[in-house]
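Shown below: my_file13.txt, with compact mmCIF, C-alpha atoms.
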```txt
# COMPACT_ATOMS: atom_id res chain seq x y z
CA MET A 546 0.00 0.00 0.00
CA GLN A 547 1.13 3.53 -0.80
CA THR A 548 -0.15 6.72 0.74
CA GLN A 549 0.38 10.30 -0.42
CA VAL A 550 -1.16 13.49 0.98
CA GLU A 551 -2.00 16.11 -1.64
CA THR A 552 -3.16 19.72 -1.21
CA ALA A 553 -6.43 20.40 -3.00
CA SER A 554 -7.04 23.94 -1.67
CA GLN A 555 -6.08 26.18 1.26
CA LEU A 556 -7.56 23.80 3.83
CA GLU A 557 -8.57 20.77 1.79
CA ARG A 558 -6.30 17.77 1.51
CA SER A 559 -6.63 14.34 -0.06
CA ILE A 560 -5.01 10.97 0.48
CA ARG A 561 -4.95 8.33 -2.21
CA ILE A 562 -5.39 4.95 -0.62
CA VAL A 563 -4.13 1.90 -2.51
CA ILE A 564 -4.98 -1.51 -1.09
CA PRO A 565 -3.87 -4.75 -2.77
CA ARG A 566 -6.94 -6.74 -3.77
CA ALA A 567 -5.24 -9.94 -2.57
CA GLN A 568 -5.08 -8.50 0.96
CA ILE A 569 -8.80 -7.74 0.89
CA ASP A 570 -9.64 -11.17 -0.52
CA SER A 571 -7.55 -12.88 2.15
CA GLU A 572 -9.19 -11.00 5.01
CA VAL A 573 -12.67 -11.58 3.57
CA GLU A 574 -11.99 -15.29 3.34
CA THR A 575 -10.69 -15.37 6.93
CA ARG A 576 -13.79 -13.63 8.26
CA LEU A 577 -16.20 -15.78 6.30
CA LYS A 578 -14.53 -18.93 7.68
CA ARG A 579 -14.88 -17.53 11.17
CA LEU A 580 -18.49 -16.62 10.50
CA ALA A 581 -19.26 -20.07 9.11
CA ARG A 582 -18.58 -21.63 12.53
CA THR A 583 -21.61 -19.97 14.08
CA VAL A 584 -23.88 -18.83 11.25
CA LYS A 585 -27.40 -20.25 11.21
CA LEU A 586 -29.12 -21.03 7.91
CA HIS A 587 -32.39 -22.86 7.40
CA GLY A 588 -31.79 -26.57 6.69
CA PHE A 589 -28.28 -26.67 8.17
CA ARG A 590 -26.90 -27.18 11.62
CA PRO A 591 -24.73 -24.38 13.06
CA GLY A 592 -21.19 -24.77 11.76
CA LYS A 593 -22.26 -27.03 8.88
CA VAL A 594 -23.35 -24.39 6.35
CA PRO A 595 -21.29 -24.76 3.11
CA MET A 596 -18.79 -21.94 2.55
CA LYS A 597 -20.32 -21.23 -0.85
CA LEU A 598 -23.68 -20.40 0.78
CA VAL A 599 -22.01 -18.36 3.53
CA ALA A 600 -20.18 -16.35 0.87
CA GLN A 601 -23.38 -15.81 -1.11
CA GLN A 602 -25.29 -14.68 1.99
CA TYR A 603 -22.68 -12.55 3.73
CA GLY A 604 -19.83 -12.02 1.27
CA GLY A 605 -20.87 -8.55 0.07
CA GLN A 606 -21.38 -7.19 3.58
CA VAL A 607 -18.11 -8.64 4.86
CA ARG A 608 -16.18 -7.26 1.88
CA GLN A 609 -17.54 -3.75 2.48
CA GLU A 610 -16.58 -3.96 6.14
CA VAL A 611 -13.04 -5.12 5.30
CA ILE A 612 -12.55 -2.38 2.69
CA SER A 613 -13.91 0.27 5.06
CA GLU A 614 -11.72 -0.84 7.96
CA ALA A 615 -8.61 -1.14 5.81
CA GLY A 616 -9.19 2.29 4.31
CA SER A 617 -9.85 3.90 7.70
CA GLN A 618 -6.75 2.32 9.15
CA ARG A 619 -4.63 3.53 6.27
CA ILE A 620 -6.03 7.05 6.55
CA ASN A 621 -5.44 7.13 10.31
CA ASP A 622 -1.88 5.86 9.87
CA ALA A 623 -1.13 8.55 7.28
CA LEU A 624 -2.63 11.30 9.45
CA ARG A 625 -0.71 10.11 12.49
CA ASP A 626 2.59 9.72 10.63
CA GLN A 627 2.36 13.22 9.17
CA GLU A 628 0.84 14.76 12.32
CA ILE A 629 -2.23 16.04 10.49
CA LYS A 630 -5.29 17.06 12.53
CA ILE A 631 -8.44 16.96 10.44
CA ALA A 632 -11.61 19.01 10.84
CA GLY A 633 -14.75 16.93 10.48
CA TYR A 634 -14.78 13.54 8.73
CA PRO A 635 -13.11 12.41 5.48
CA ARG A 636 -15.16 12.15 2.30
CA ILE A 637 -14.39 9.00 0.33
CA GLU A 638 -14.28 9.32 -3.46
CA PRO A 639 -13.45 6.68 -6.09
CA VAL A 640 -10.34 7.24 -8.20
CA SER A 641 -11.56 7.91 -11.73
CA ASP A 642 -8.25 7.05 -13.44
CA ALA A 643 -7.64 3.77 -11.60
CA THR A 644 -6.90 1.00 -14.13
CA SER A 645 -5.25 -1.78 -12.16
CA THR A 646 -7.29 -4.82 -11.30
CA GLU A 647 -4.69 -5.88 -8.76
CA GLN A 648 -5.58 -3.19 -6.24
CA LEU A 649 -8.35 -0.96 -4.94
CA GLU A 650 -7.86 2.82 -5.14
CA PHE A 651 -9.82 5.70 -3.67
CA ASN A 652 -9.28 9.21 -2.36
CA ALA A 653 -10.05 10.36 1.16
CA VAL A 654 -10.78 14.10 0.99
CA PHE A 655 -10.76 16.11 4.21
CA GLU A 656 -10.09 19.54 5.69
CA VAL A 657 -7.33 20.52 8.08
CA TYR A 658 -7.37 23.21 10.73
CA PRO A 659 -5.94 26.56 9.60
CA ASN A 660 -2.60 27.73 10.87
CA VAL A 661 -3.63 30.39 13.38
CA VAL A 662 -1.18 33.28 13.69
CA ILE A 663 -2.48 36.02 15.96
CA GLY A 664 -2.38 39.39 14.23
CA ASN A 665 -0.79 42.59 15.50
CA LEU A 666 -2.97 43.47 18.48
CA ALA A 667 -0.92 46.59 19.20
CA GLU A 668 -2.76 48.26 16.33
CA GLN A 669 -6.17 47.55 17.90
CA LYS A 670 -7.85 50.09 20.22
CA ILE A 671 -10.46 49.17 22.83
CA GLU A 672 -12.62 51.75 24.56
CA ARG A 673 -13.40 50.89 28.18
CA PRO A 674 -16.32 52.70 29.87
CA VAL A 675 -15.72 54.27 33.28
CA VAL A 676 -18.90 54.94 35.26
CA GLN A 677 -19.34 56.73 38.58
CA VAL A 678 -22.58 55.83 40.37
CA THR A 679 -24.11 59.01 41.82
CA ASP A 680 -26.80 59.66 44.42
CA GLN A 681 -29.11 60.66 41.57
CA ASP A 682 -28.58 57.23 39.96
CA VAL A 683 -29.60 55.63 43.26
CA ASP A 684 -32.67 57.89 43.44
CA ASN A 685 -33.64 56.99 39.87
CA THR A 686 -33.29 53.29 40.58
CA ILE A 687 -35.42 53.56 43.70
CA GLU A 688 -38.04 55.36 41.61
CA VAL A 689 -38.05 52.41 39.17
CA LEU A 690 -38.52 50.04 42.11
CA ARG A 691 -41.44 52.15 43.33
CA LYS A 692 -43.08 51.98 39.89
CA GLN A 693 -42.64 48.21 39.85
CA ARG A 694 -44.60 48.04 43.10
CA ALA A 695 -47.33 50.45 42.07
CA THR A 696 -50.98 49.75 42.82
CA TYR A 697 -53.75 51.08 40.59
CA SER A 698 -56.96 52.85 41.61
CA PRO A 699 -59.92 53.95 39.43
CA VAL A 700 -60.03 57.67 38.56
CA GLU A 701 -62.59 59.85 36.75
CA ARG A 702 -60.35 61.76 34.34
CA ALA A 703 -58.74 61.48 30.92
CA ALA A 704 -56.19 58.69 30.44
CA GLU A 705 -52.54 59.69 30.90
CA VAL A 706 -49.22 58.03 30.19
CA GLY A 707 -48.53 55.62 33.06
CA ASP A 708 -52.23 54.89 33.64
CA GLN A 709 -53.65 51.40 33.37
CA VAL A 710 -56.63 51.39 31.01
CA ASP A 711 -59.37 48.89 30.16
CA ILE A 712 -60.50 49.12 26.52
CA ASP A 713 -62.47 47.33 23.81
CA TYR A 714 -61.07 47.59 20.32
CA LEU A 715 -61.61 46.35 16.77
CA GLY A 716 -59.09 46.78 13.95
CA LYS A 717 -59.27 46.17 10.21
CA ILE A 718 -56.85 46.45 7.32
CA ALA A 719 -58.59 47.61 4.16
CA GLY A 720 -61.85 46.51 5.77
CA VAL A 721 -60.59 42.98 6.46
CA ASP A 722 -60.01 41.31 9.85
CA PHE A 723 -56.52 40.12 10.83
CA PRO A 724 -55.17 37.90 13.65
CA GLY A 725 -55.55 39.62 17.05
CA ASN A 726 -57.59 42.48 15.62
CA GLU A 727 -60.30 42.41 18.32
CA ALA A 728 -60.46 42.36 22.10
CA LYS A 729 -62.81 43.28 24.92
CA GLY A 730 -61.69 44.26 28.38
CA PHE A 731 -58.10 44.58 27.19
CA VAL A 732 -55.93 45.98 30.01
CA VAL A 733 -52.67 47.77 29.23
CA THR A 734 -50.45 50.37 30.89
CA LEU A 735 -49.92 53.34 28.60
CA GLY A 736 -46.31 54.10 27.78
CA GLN A 737 -44.85 50.73 28.76
CA GLY A 738 -44.36 49.64 25.16
CA ARG A 739 -46.67 46.64 25.25
CA THR A 740 -48.64 48.16 22.38
CA LEU A 741 -47.39 50.29 19.51
CA ALA A 742 -46.65 53.94 20.30
CA GLU A 743 -49.33 55.17 17.86
CA PHE A 744 -51.92 53.01 19.63
CA ASP A 745 -50.93 54.34 23.07
CA ALA A 746 -50.94 57.91 21.81
CA ALA A 747 -54.47 57.50 20.44
CA ILE A 748 -55.80 56.15 23.76
CA THR A 749 -54.05 58.85 25.80
CA GLY A 750 -56.45 61.70 26.47
CA MET A 751 -59.63 59.63 26.05
CA ARG A 752 -62.27 59.63 28.79
CA ILE A 753 -64.34 56.76 30.20
CA GLY A 754 -67.12 55.79 27.78
CA GLU A 755 -65.52 57.64 24.87
CA SER A 756 -65.00 55.92 21.51
CA LYS A 757 -62.73 56.98 18.66
CA SER A 758 -61.27 55.69 15.40
CA PHE A 759 -57.62 56.05 14.45
CA ASP A 760 -54.97 54.57 12.15
CA VAL A 761 -51.93 52.58 13.30
CA SER A 762 -49.01 51.75 11.01
CA PHE A 763 -47.30 48.43 11.74
CA PRO A 764 -43.48 48.45 11.28
CA ALA A 765 -42.07 46.51 8.34
CA ASP A 766 -40.24 44.21 10.77
CA TYR A 767 -43.29 43.62 12.99
CA GLN A 768 -43.42 40.07 14.35
CA GLY A 769 -46.88 39.45 12.88
CA LYS A 770 -46.09 38.95 9.18
CA GLU A 771 -49.77 39.29 8.22
CA VAL A 772 -49.78 42.96 9.26
CA ALA A 773 -46.09 43.96 8.94
CA GLY A 774 -45.72 47.15 6.91
CA LYS A 775 -49.48 47.71 6.71
CA THR A 776 -51.82 50.34 8.20
CA ALA A 777 -54.85 49.29 10.26
CA THR A 778 -57.87 51.36 11.23
CA PHE A 779 -58.91 50.81 14.85
CA THR A 780 -62.08 51.71 16.70
CA ALA A 781 -61.58 51.75 20.48
CA GLN A 782 -63.78 52.43 23.52
CA LEU A 783 -62.33 53.34 26.90
CA ASN A 784 -63.99 51.46 29.77
CA LYS A 785 -61.81 52.25 32.80
CA VAL A 786 -58.88 54.43 33.84
CA LEU A 787 -56.72 53.40 36.79
CA ALA A 788 -53.99 55.71 38.05
CA PRO A 789 -50.78 54.38 39.63
CA GLN A 790 -50.23 54.82 43.35
CA LEU A 791 -46.52 54.56 44.23
CA PRO A 792 -45.44 53.34 47.68
CA GLU A 793 -43.78 55.85 49.98
CA VAL A 794 -40.06 55.40 50.58
CA GLY A 795 -40.17 54.28 54.20
CA VAL A 796 -39.99 51.28 56.49
CA GLU A 797 -42.50 49.12 54.60
CA PHE A 798 -40.90 49.88 51.26
CA ALA A 799 -37.43 49.04 52.59
CA GLN A 800 -38.75 45.80 54.06
CA SER A 801 -40.28 44.88 50.68
CA LEU A 802 -36.72 45.09 49.29
CA GLY A 803 -35.37 42.66 51.89
CA ILE A 804 -34.19 45.09 54.59
CA ALA A 805 -35.54 43.32 57.69
CA ASP A 806 -35.49 46.35 60.04
CA GLY A 807 -36.80 48.73 57.37
CA ASP A 808 -33.79 51.07 57.65
CA VAL A 809 -33.99 53.36 54.59
CA LEU A 810 -30.26 54.22 54.74
CA LYS A 811 -29.40 50.51 54.64
CA MET A 812 -31.77 50.14 51.73
CA ARG A 813 -30.06 52.93 49.80
CA ALA A 814 -26.64 51.40 50.52
CA GLU A 815 -27.79 48.03 49.25
CA VAL A 816 -29.35 49.57 46.16
CA ARG A 817 -26.05 51.34 45.46
CA GLN A 818 -24.10 48.07 45.89
CA ASN A 819 -26.45 46.29 43.50
CA ILE A 820 -26.10 49.10 40.95
CA GLU A 821 -22.30 49.08 41.21
CA ARG A 822 -22.26 45.30 40.84
CA GLU A 823 -24.43 45.52 37.72
CA VAL A 824 -22.28 48.34 36.31
CA GLU A 825 -19.17 46.25 36.81
CA LYS A 826 -20.79 43.27 35.12
CA ARG A 827 -21.95 45.31 32.12
CA ILE A 828 -18.56 46.93 31.65
CA GLU A 829 -16.91 43.54 31.88
CA ASN A 830 -19.24 42.09 29.23
CA MET A 831 -18.83 45.12 26.99
CA VAL A 832 -15.04 45.00 27.19
CA LYS A 833 -15.06 41.26 26.59
CA GLU A 834 -17.15 41.69 23.44
CA ARG A 835 -14.80 44.42 22.18
CA VAL A 836 -11.78 42.21 22.90
CA MET A 837 -13.31 39.37 20.91
CA GLN A 838 -14.02 41.71 18.01
CA ALA A 839 -10.43 42.98 18.13
CA LEU A 840 -9.17 39.40 17.90
CA VAL A 841 -11.38 38.62 14.92
CA THR A 842 -10.37 41.86 13.19
CA ALA A 843 -6.65 41.31 13.77
CA THR A 844 -6.71 37.62 12.83
CA PRO A 845 -8.88 36.93 9.76
CA LEU A 846 -9.25 33.22 9.15
CA THR A 847 -10.52 30.85 6.52
CA VAL A 848 -12.40 28.29 8.59
CA PRO A 849 -13.01 24.65 7.64
CA ARG A 850 -16.38 24.12 5.96
CA ALA A 851 -17.04 21.14 8.22
CA LEU A 852 -16.76 23.27 11.37
CA LEU A 853 -18.79 26.07 9.79
CA GLU A 854 -21.63 23.72 8.82
CA ASP A 855 -21.65 22.15 12.30
CA GLU A 856 -21.93 25.59 13.88
CA ILE A 857 -24.71 26.64 11.49
CA GLU A 858 -26.62 23.49 12.46
CA ARG A 859 -26.04 24.19 16.16
CA LEU A 860 -27.30 27.78 15.85
CA GLY A 861 -30.40 26.55 14.04
CA GLN A 862 -31.13 24.06 16.81
CA GLN A 863 -30.67 26.78 19.43
CA MET A 864 -33.14 29.02 17.62
CA ARG A 865 -35.73 26.25 17.46
CA GLN A 866 -35.27 25.59 21.19
CA ASP A 867 -35.70 29.31 21.92
CA MET A 868 -38.87 29.36 19.82
CA GLN A 869 -40.26 26.36 21.71
CA ALA A 870 -39.38 27.97 25.05
CA ARG A 871 -41.51 30.95 23.99
CA GLY A 872 -44.40 28.70 23.10
CA ILE A 873 -43.83 28.79 19.34
CA GLN A 874 -44.27 25.26 18.03
CA ALA A 875 -42.53 25.40 14.67
CA PRO A 876 -40.49 22.22 14.20
CA ASN A 877 -40.91 22.35 10.43
CA VAL A 878 -40.44 26.07 9.89
CA PRO A 879 -37.50 26.46 7.45
CA LEU A 880 -34.56 28.37 8.87
CA PRO A 881 -32.43 29.65 5.95
CA ARG A 882 -28.80 28.62 6.23
CA GLU A 883 -27.72 32.12 5.17
CA PHE A 884 -29.31 33.54 8.31
CA PHE A 885 -26.62 31.91 10.47
CA VAL A 886 -23.51 32.03 8.27
CA GLU A 887 -21.99 35.29 9.52
CA LYS A 888 -22.50 34.45 13.19
CA ALA A 889 -21.23 30.89 12.70
CA GLN A 890 -18.14 32.17 10.87
CA ARG A 891 -17.35 34.51 13.76
CA ARG A 892 -17.89 31.87 16.44
CA VAL A 893 -15.74 29.27 14.71
CA SER A 894 -12.98 31.82 14.09
CA LEU A 895 -13.07 32.94 17.72
CA GLY A 896 -12.92 29.36 18.94
CA LEU A 897 -9.77 28.69 16.91
CA ILE A 898 -8.17 32.01 17.90
CA LEU A 899 -8.90 31.57 21.61
CA ALA A 900 -7.59 28.00 21.57
CA GLU A 901 -4.33 29.19 20.01
CA ILE A 902 -3.88 32.05 22.51
CA VAL A 903 -4.61 29.75 25.46
CA LYS A 904 -2.16 27.12 24.19
CA VAL A 905 0.70 29.47 23.34
CA ASN A 906 0.38 31.60 26.49
CA ASN A 907 -0.73 28.86 28.93
CA LEU A 908 -3.92 30.69 29.88
CA LYS A 909 -6.02 27.72 30.97
CA ALA A 910 -8.26 28.26 33.98
CA GLU A 911 -6.70 27.27 37.30
CA PRO A 912 -8.80 25.40 39.93
CA GLU A 913 -8.64 28.27 42.42
CA GLN A 914 -9.77 30.71 39.74
CA VAL A 915 -12.76 28.51 38.90
CA ARG A 916 -13.62 28.15 42.59
CA LYS A 917 -13.54 31.91 43.07
CA GLN A 918 -15.89 32.45 40.14
CA VAL A 919 -18.33 29.81 41.37
CA GLU A 920 -18.38 31.34 44.85
CA ALA A 921 -18.88 34.85 43.43
CA HIS A 922 -21.89 33.63 41.46
CA ALA A 923 -23.27 31.78 44.50
CA GLU A 924 -23.22 34.93 46.66
CA SER A 925 -26.42 36.19 45.05
CA TYR A 926 -28.37 33.18 46.37
CA GLU A 927 -29.80 32.60 49.85
CA GLN A 928 -27.83 29.36 50.33
CA PRO A 929 -24.53 29.86 48.50
CA ASP A 930 -22.97 26.63 49.82
CA GLN A 931 -25.66 24.59 48.07
CA VAL A 932 -25.06 26.46 44.82
CA VAL A 933 -21.32 25.76 45.02
CA ALA A 934 -22.01 22.08 45.64
CA TRP A 935 -24.46 22.05 42.72
CA TYR A 936 -21.71 23.19 40.35
CA TYR A 937 -19.09 20.77 41.64
CA GLU A 938 -21.34 17.72 41.52
CA ASN A 939 -21.69 18.00 37.74
CA PRO A 940 -18.60 18.15 35.45
CA THR A 941 -20.61 19.75 32.65
CA ARG A 942 -21.69 22.69 34.81
CA LEU A 943 -18.16 23.13 36.09
CA ALA A 944 -16.77 23.02 32.54
CA GLU A 945 -18.97 26.01 31.66
CA VAL A 946 -17.41 28.01 34.50
CA GLU A 947 -13.92 26.86 33.46
CA SER A 948 -14.61 28.11 29.94
CA LEU A 949 -15.71 31.51 31.27
CA ALA A 950 -12.62 31.72 33.48
CA MET A 951 -10.40 30.86 30.53
CA GLU A 952 -12.05 33.61 28.48
CA GLN A 953 -11.36 36.05 31.31
CA ASN A 954 -7.69 35.05 31.15
CA VAL A 955 -7.66 35.73 27.43
CA VAL A 956 -9.37 39.11 27.91
CA SER A 957 -6.78 40.11 30.52
CA TRP A 958 -3.96 39.04 28.20
CA VAL A 959 -5.37 40.92 25.21
CA LEU A 960 -5.89 44.11 27.22
CA LYS A 961 -2.13 44.13 27.83
CA GLN A 962 -1.46 43.94 24.09
CA VAL A 963 -3.95 46.50 22.73
CA LYS A 964 -4.39 50.22 23.23
CA VAL A 965 -6.97 50.71 25.99
CA GLU A 966 -8.75 54.05 26.23
CA ASP A 967 -10.83 54.70 29.36
CA LYS A 968 -13.90 56.80 28.56
CA SER A 969 -16.08 58.49 31.16
CA THR A 970 -19.61 57.24 30.48
CA PRO A 971 -22.91 58.38 32.00
CA PHE A 972 -24.72 55.75 34.04
CA ASP A 973 -27.87 55.92 31.91
CA GLU A 974 -25.86 55.48 28.71
CA LEU A 975 -24.36 52.26 30.01
CA MET A 976 -27.47 50.86 31.63
CA GLY A 977 -30.13 52.20 29.30
CA SER A 978 -32.98 54.47 30.22
CA HIS A 979 -34.88 53.77 33.46
CA LYS A 980 -38.02 55.36 32.10
```
What do you get writing this file as structure tokens?
Amino acid sequence: MQTQVETASQLERSIRIVIPRAQIDSEVETRLKRLARTVKLHGFRPGKVPMKLVAQQYGGQVRQEVISEAGSQRINDALRDQEIKIAGYPRIEPVSDATSTEQLEFNAVFEVYPNVVIGNLAEQKIERPVVQVTDQDVDNTIEVLRKQRATYSPVERAAEVGDQVDIDYLGKIAGVDFPGNEAKGFVVTLGQGRTLAEFDAAITGMRIGESKSFDVSFPADYQGKEVAGKTATFTAQLNKVLAPQLPEVGVEFAQSLGIADGDVLKMRAEVRQNIEREVEKRIENMVKERVMQALVTATPLTVPRALLEDEIERLGQQMRQDMQARGIQAPNVPLPREFFVEKAQRRVSLGLILAEIVKVNNLKAEPEQVRKQVEAHAESYEQPDQVVAWYYENPTRLAEVESLAMEQNVVSWVLKQVKVEDKSTPFDELMGSHK
């Protein structure tokens, strides 16, 4: 047998496998003899079936097994001898120019991993937000918490933003009904974004018992495809208006936030700690994302098609699971491959880049680092010891934390290589509006 590795493209390789036919015939004969000792065939006792019948019954299957095993062994030997690591599985193709009857010839076509050389990170710049939490930020957060605990009472006035209203409505598009176009006793809080802004604006200012007609334009990317990009005419009647009553900032309010003695100063301190913790987490995630983008930008890669296709399939499965979790039963809904290509390309590239950085710089997660991260996560639970035990009793859960710790190591390493610019950032800009 002779084996030669040829380069077909940047990542594609092929091995021509040549196996003497006599070797195959000999192994087939050996296996059929072994099989004949135990094979059962109607009209014959076990072990007494003529070899000719055994060959007729099982010869084709045995020959395919022998050829497959011999080819796989030869491929594995060639890959091992030449220290080639393949991505995915080989594709077996017949050799079109094979003429010898003395041997079997075929090509094993496969992809190899790209040679990852990290680009010049010194040319990359990463902007890192710096946020100072102020007393006003604490006040604004407490106001949000008050709104979340609001109670609603009936009022005899026009509806305002923030009010909870009870309405009946009927909508039509060009005089035709559409899914979800009608409801009675529909309750919604104006300004919360549950309904389209045009709809809220039309209801605002109405009084109890009043009816009105108005148009609402659905965005082109609206989730309901039947109405996306179209304009509906609604007729609505206002049945009730309930105004929000916010709790006073005092003992009861503090106790509702977990402060046992109701001390408002303790409550404010805890709110500030929670805000600062969330700020730190958001900055960390933002910087991590920017680091990953810097790596992809500095190190463009051609990724193996096999890995890309696997990742596309994985992303599709994740989307279907997300849809099911939201109550959307759509197992047969087609998910275009093109929808996932860009994201899959980035994820595969990042995986290869991170693996290379970790290997070259020995950035694997240390046990004490993993333990610290697990304990930090467990602090937010009432019984942190049980949470820690929960992680350590399952290797899969622990592996997820190890992966996160390893990524943190990479982020820290990259931040030493790139240009980091600290930028003072308003709290609301980082966290988003509280309104």
Note to self: For a quick check of your reading of the model, name the residues lying within 9 Å of the coordinate (-64.7, 49.4, 31.5), counting all atoms listed in the file, and write them as a ChimeraX atom specification.
What the structure shows: /A:710-713,730,753-754,782-786
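Proximity to Thr696 in chain A at 10 Å, evaluated using only C-alpha atoms and with sequence-adjacent residues fewer than 3 positions away removed, yields Arg691, Lys692, Gln693, Gln709, Leu787, Ala788, Pro789, Gln790, Leu791 and Pro792 of chain A.
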Output for the residues just chosen: C-alpha atoms as a PDB file, keeping the file's coordinate frame:
```
ATOM      1  CA  ARG A 691     -41.440  52.150  43.330  1.00  0.00           C
ATOM      2  CA  LYS A 692     -43.080  51.980  39.890  1.00  0.00           C
ATOM      3  CA  GLN A 693     -42.640  48.210  39.850  1.00  0.00           C
ATOM      4  CA  GLN A 709     -53.650  51.400  33.370  1.00  0.00           C
ATOM      5  CA  LEU A 787     -56.720  53.400  36.790  1.00  0.00           C
ATOM      6  CA  ALA A 788     -53.990  55.710  38.050  1.00  0.00           C
ATOM      7  CA  PRO A 789     -50.780  54.380  39.630  1.00  0.00           C
ATOM      8  CA  GLN A 790     -50.230  54.820  43.350  1.00  0.00           C
ATOM      9  CA  LEU A 791     -46.520  54.560  44.230  1.00  0.00           C
ATOM     10  CA  PRO A 792     -45.440  53.340  47.680  1.00  0.00           C
TER      11      PRO A 792
END
```
Check: Which neighbours of range 564-577 of chain A fall inside 8 Å, counting all atoms listed in the file, when residues of the same chain fewer than 4 positions from it are skipped, and could you give them as JSON, numbers by chain?
Finding: {"A": [546, 547, 581, 596, 599, 600, 603, 604, 607, 608, 611, 612, 615, 616, 646, 647, 648, 649, 650]}
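Atom to atom, CA of Glu825 in chain A and CA of Asp930 in chain A stand 23.8 Å apart.
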Note to self: Taking all atoms listed in the file into account, name the residue in A:Ile671, A:Gln931, A:Glu557, A:Phe723 that is nearest to Ala653 in chain A.
What the structure shows: A:Glu557
Check: Looking at all atoms listed in the file, which of A:Glu821, A:Glu856, A:Glu901, A:Glu829 is the one that sits closest to Val661 in chain A?
Finding: A:Glu901
Write out as a Markdown table the residues of range 620-692 of chain A that have any atom within 12 Å of an atom of range 953-959 of chain A, one row each with the nearest atom pair and its distance in Å to one decimal, counting all atoms listed in the file, sorted by chain and then rising number.
```
| residue | atom | partner | partner_atom | distance |
| --- | --- | --- | --- | --- |
| A:Ile663 | CA | A:Val959 | CA | 10.9 |
| A:Gly664 | CA | A:Val959 | CA | 11.5 |
| A:Asn665 | CA | A:Val959 | CA | 10.9 |
| A:Leu666 | CA | A:Val959 | CA | 7.6 |
| A:Ala667 | CA | A:Val959 | CA | 9.4 |
| A:Glu668 | CA | A:Val959 | CA | 11.8 |
| A:Gln669 | CA | A:Val959 | CA | 9.9 |
| A:Lys670 | CA | A:Val959 | CA | 10.7 |
| A:Ile671 | CA | A:Val959 | CA | 10.0 |
```
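Minimum atom-to-atom distance to Leu846 in chain A, evaluated using only C-alpha atoms, belongs to A:Leu556 out of A:Val809, A:Leu556, A:Val796, A:Val594.
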Item checked: Long-range neighbours of Thr970 in chain A as a VMD selection string, 12 Å cut-off, all atoms listed in the file, 5 positions minimum in chain -> chain A and resid 672 to 678 824 828 975 to 977
Check: Do you know which residues are at most 10 Å from Leu895 in chain A counting all atoms listed in the file, after dropping those on the same chain fewer than 5 positions away, and could you put them as a VMD selection string?
Finding: chain A and resid 837 to 838 840 to 841 844 to 846 889 to 890 900 to 901
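With all atoms listed in the file taken into account, the protein and nucleic acid residues at most 9 Å from range 654-659 of chain A (excluding it and anything under 6 positions from it in its own chain) are Ala553, Gln555, Leu556, Glu557, Arg558, Ser559, Ile560, Arg561, Ile629, Lys630, Ile631, Ala632, Gly633, Tyr634, Pro635, Arg636, Ile637, Glu638, Leu846, Thr847, Val848, Pro849, Arg850, Ala851 and Leu897 of chain A.
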Write a file of the selected residues as an mmCIF file, keeping the file's coordinate frame, keeping C-alpha atoms.
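As written to disk, out37.cif reads:
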```cif
data_model
loop_
_atom_site.group_PDB
_atom_site.id
_atom_site.type_symbol
_atom_site.label_atom_id
_atom_site.label_comp_id
_atom_site.auth_asym_id
_atom_site.auth_seq_id
_atom_site.Cartn_x
_atom_site.Cartn_y
_atom_site.Cartn_z
ATOM 1 C CA ALA A 553 -6.430 20.400 -3.000
ATOM 2 C CA GLN A 555 -6.080 26.180 1.260
ATOM 3 C CA LEU A 556 -7.560 23.800 3.830
ATOM 4 C CA GLU A 557 -8.570 20.770 1.790
ATOM 5 C CA ARG A 558 -6.300 17.770 1.510
ATOM 6 C CA SER A 559 -6.630 14.340 -0.060
ATOM 7 C CA ILE A 560 -5.010 10.970 0.480
ATOM 8 C CA ARG A 561 -4.950 8.330 -2.210
ATOM 9 C CA ILE A 629 -2.230 16.040 10.490
ATOM 10 C CA LYS A 630 -5.290 17.060 12.530
ATOM 11 C CA ILE A 631 -8.440 16.960 10.440
ATOM 12 C CA ALA A 632 -11.610 19.010 10.840
ATOM 13 C CA GLY A 633 -14.750 16.930 10.480
ATOM 14 C CA TYR A 634 -14.780 13.540 8.730
ATOM 15 C CA PRO A 635 -13.110 12.410 5.480
ATOM 16 C CA ARG A 636 -15.160 12.150 2.300
ATOM 17 C CA ILE A 637 -14.390 9.000 0.330
ATOM 18 C CA GLU A 638 -14.280 9.320 -3.460
ATOM 19 C CA LEU A 846 -9.250 33.220 9.150
ATOM 20 C CA THR A 847 -10.520 30.850 6.520
ATOM 21 C CA VAL A 848 -12.400 28.290 8.590
ATOM 22 C CA PRO A 849 -13.010 24.650 7.640
ATOM 23 C CA ARG A 850 -16.380 24.120 5.960
ATOM 24 C CA ALA A 851 -17.040 21.140 8.220
ATOM 25 C CA LEU A 897 -9.770 28.690 16.910
#
```
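Distance-wise, CA of Ile562 in chain A and CA of Phe651 in chain A end up 5.4 Å apart.
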Check: Counting all atoms listed in the file, which of A:Ser762, A:Asn685, A:Ile902, A:Leu586 gets nearest to Gln601 in chain A?
Finding: A:Leu586
Notebook entry, point to check: Could you tell me, as number ranges by chain, which residues have any atom at most 9 Å from (-26.0, 52.1, 46.1), counting only C-alpha atoms?
Noted result: A: 678-680, 682-683, 812-821
